[in-house]
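Since the structure comes first, as structure tokens, the remarks are kept for the end.
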Amino acid sequence: MKTVSIMIVGVGGQGSLLASKLLGNLLTDEGYDVKVSEVHGMSQRGGSVVTYVRYGDRVYSPIVTEGECDYIISFEKLEAVRYASCLRKGGKIIVNTQEIDPMPVITGAAEYPSDVLETLKKDGFDVDDFDALTPAMQAGSAKAVNIVLMGHFAKHSGIAKEKWIAAMEKTINPKFLEMNRKAFDLGYGE
Amino acid sequence: MKRLLIGNEAVAWGLYNGGIGLVSSYPGTPSTEITEFLAKHDDIHSEWAPNEKVACEVAFGASLAGMRSVCAMKHVGLNVAADPLFTLSYTGVTGGMVICVADDPAMHSSQNEQDSRHYAIAAKVPMLEPSDSAEAYAFAKSAFELSERFDTPVLLRMCTRIAHSQCTVEIGERENVPMKEYVKQPAKYIMMPGYAKKRHPVVEERTQALKEFSESCMYNRVEYADSGIGIITSGCSYLYVKEALGDSVSILKIGMPNPLPEKTIRDFAAKVKKLYVIEELDPVIETQVKAMGIECTGKSLFSAIGEFSQKTVRDAFLKEGMALTDIPEAQGEAPAVPGRPPMMCAGCPHRGMYYTLVKNRISVLGDIGCYTLGAVAPLNALDSTLCMGASVSGIHGFNAARGKETEKKTVAVIGDSTFMHSGMTGLVNIAYNATNSTVIILDNSITGMTGHQQNPTTGYNIKGDPAAKVDLEALCRALGINRVRVVDPYDLKQCEEAVLEELAAEEPSVIISRRPCVLLKYVKPKTPLAVDREKCRSCKKCMKMGCPAISMKEGKARIDKTLCVGCGVCEQLCAFGAIGGTEK
């Protein structure tokens with residue numbers, strides 16, 4: 001099979017590391033060759049963060065470059081646009097419509113471009129945008145946005161829901177499992 | 001056991017199963033997790049040392065005692081540990097010794113992108129360089145044997161992409177390696193001229209032996225294809241070559257970049273029509289290949305700056321006229337969006353002190369840590385950042401050069417962990433060589449930027465167990481500073497009084513700005529503050545300190561409840577009493 005490339009993007013502190021861990025465990029259990037790449041340190045302090053997940057028969061590079069990405073899963077609106085040029089022709093962007101102001105917007109040096117997703121859609125990008133924050137709060141915490149998004153992505157993944165649940169049980173601290181199960185179901189659409 | 005591991009965890013497993021007995025390190029992205037994962041094993045000694053030189057010398061001591069030992073650090077940490085490294089090359093080891101060093105091409109979280117391979121060449125020690133987690137495990141595990149067989153410390157070079165990328169690793173069992181007997185060997189271990197002169201020839205002979213070993217070792221391998229194109233590559237560049245060109249080119253993969261296998265390289269070069277060298281950062285392999293009289297293309301096609309990717313390789317070979325299929329086609333161009341640089345967290349205790357310094361137009365010599373982020377807008381608080389400890393040493397030189405003109409309006413800022421690392425010696429110098437310098441220790445009671453490691457000022461060790469705690473006030477006094485005071489950076493009035501008084505004083509002083517990092521688990525956030533929109537006059541004074549929780553919405557200040565931890569600094573800034581308990 002051709003290698004599938006996923007980018008999980010968002011703002012430092014939004015929980016993208018747990019999402020990539022879940023994906024990594026799931027895909028490994030499915031028997032794929034998996035590479036996951038993340039950057040720690042400076043980028044975590046409220047900065048833009050990106051994690052790459054790639055899987056297939058044999059994956060070499062751990063990173064995803066321009067035009068290679070099959071799915072961009074974005075925890076925040078602006079971040080989806082920042083990395084959109086990585087999307088391959090026919091790829092899909094799944095994006096939480098939550099807006100988090102970056103420092104240039106906070107200081108007034110720039111404006112938050114609220115209509116950017118519409119621009120992308122007009123330019124032919126396949127954008128699946130939805131509010132993941134409300135269901136996350138419904139599940140019990142704003143921090144569950146990551147799992148709501150994973151639930152939403154699960155439908156496109158071609159991997160059975162039970163397998164996702166099993167990977168969650170393996171990845172997530174039992175204390176928070178119930179909340180995350182709820183978040184996953186809300187994202188999945190049940 | 002098969003598991004998905006980041007490179008650093010794979011290194012830790014390799015070292016553990018390879019029979020490590022001791023690890024001593026100073027944290028530094030992207031190397032930190034090696035030591036954190038090792039510290040989970042209770043059957044080995046693990047510790048955070050105050051700096052990399054200490055860590056390396058601790059590992060030396062353990063090796064001398066007969067134990068397999070390790071120290072891990074980032075690339076710039078090896079500058080600090082370079083002193084023991086160069087002479088360790090002469091003494092060699094008793095128990096195997098591995099120095100893990102993690103480079104940071106593209107400077108994801110570093111101040112430069114130096115190439116550690118130069119150290120291996122300069123210190124004449126072997127270096128291993130894996131390409132992924134599976135190799136990281138295998139190379140780390142074997143490194144002790146290599147070290148003992150050739151009586152040398154071994155450098156294990158990682159880089160950000162390998163340290164923080166995951167792939168599946170098969171983890172075996174821990175090898176039980178008994179300690180070697182301790183025998184006093186003055187001629188091997190006392191490096192004074194008489195003995196050292198006899199050790200240098202041993203080093204040169206060892207290099208010859210390692211060169212021979214490198215021709216048939218497990219670290220280097222050749223993959224032949226019949227295209228006529230040959231590529232010598234190493235580290236993650238190998239992955240990008242395979243991703244971009246697959247099995248269409250011949251590859252000499254170097255897993256041991258020092259010393260290089262000359263015969264293997266000559267044979268490989270003879271079998272291909274055109275030879276390329278693809279390596280991130282400096283032309284270390286290329287220069288040596290060219291010195292062998294072999295023609296090759298390297299840095300004229302591949303930059304010495306930043307990270308590579310499969311795209312780098314693809315683009316280069318398209319330029320060389322290679323017919324490539326499967327070129328990725330992007331959906332389209334995306335519109336430009338505002339940047340999102342990292343910043344100090346809401347409630348960060350450094351902010352109140354920085355605001356005070358900026359408000360009073362004070363020049364600030366900065367240092368390495370979370371507080372380096374004081375350099376970004378809107379605070380723009382820093383004048384310099386060089387390396388660990390350079391704020392304290394630097395302000396002395398700055399004031400020595402300009403005297404009273406700067407002494408009254410310049411400070412150095414340094415974190416608690418960085419002060420322990422290499423700020424103390426600079427402070428001694430201020431006292432001893434007498435400039436009227438003011439040093440602010442931003443004491444957030446943790447090593448913050450690298451992800452919360454304990455240090456000698458926190459009162460806890462790497463395991464989280466209670467440990468001896470350095471009394472910073474007493475220490476600064478003992479180093480010769482008479483004026484030492486502590487302030488709470490959440491109290492702006494207190495900060496301003498302290499800064500103005502200490503700058504005015506006619507002798508050097510230290511201000512300890514003390515409050516634990518808000519991200520620490522034991523720090524409980526207070527109720528978030530809110531803005532009374534009636535009272536808010538839109539003066540934007542609260543915006544000047546760059547708190548990510550405060551923004552202007554519909555012309556008035558607004559506080560994001562999910563980010564605010566109720567530190568109260570903005571409340572003190574507001575002249576109209578608009579910030580307080582509840583939203584109106």
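A note on labels: chains of the structure tokens are A, B, ... as shown, every chain counts residues from 1, and ligands are counted from 1 in their shown order.
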
Among the residues of segment 328-489 of chain B, find those DSSP assigns to alpha helix (DSSP H) from the backbone and print them as an NGL selection string. :B and (350-359 or 390-402 or 404-407 or 416-418 or 424-433 or 472-478)

Do you know which residues are at most 12 Å from Arg351 of chain B counting only C-alpha atoms, after dropping those on the same chain fewer than 4 positions away, and could you put them as a VMD selection string? chain B and resid 343 to 347 355 to 359 370 to 376 378 to 381 442 444 488 to 492 495 513 to 515 517 to 518 542 to 548 567 to 570

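Closest to Pro508 of chain B among B:Leu365, B:Leu427, B:Leu64, B:Ile99 is B:Leu427, based on only C-alpha atoms.
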
Residues of chain B within 6 Å of chain A, counting only C-alpha atoms - could you list those as a list in words?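 Using only C-alpha atoms, chain B residues at most 6 Å from chain A: Ser109, His164, Ser165, Gln166, Cys167, Leu239, Tyr240, Glu243, Pro328, Glu329, Ala330, Gln331, Glu333, Ala334, Arg340, Pro341, Pro342, Met343, Thr450 and Ser551 of chain B.
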
Could you check how far atom CA of Leu156 of chain B sits from atom CA of Ala140 of chain B, in Å to one decimal?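 Calculated distance between atom CA of Leu156 of chain B and atom CA of Ala140 of chain B is 7.2 Å.
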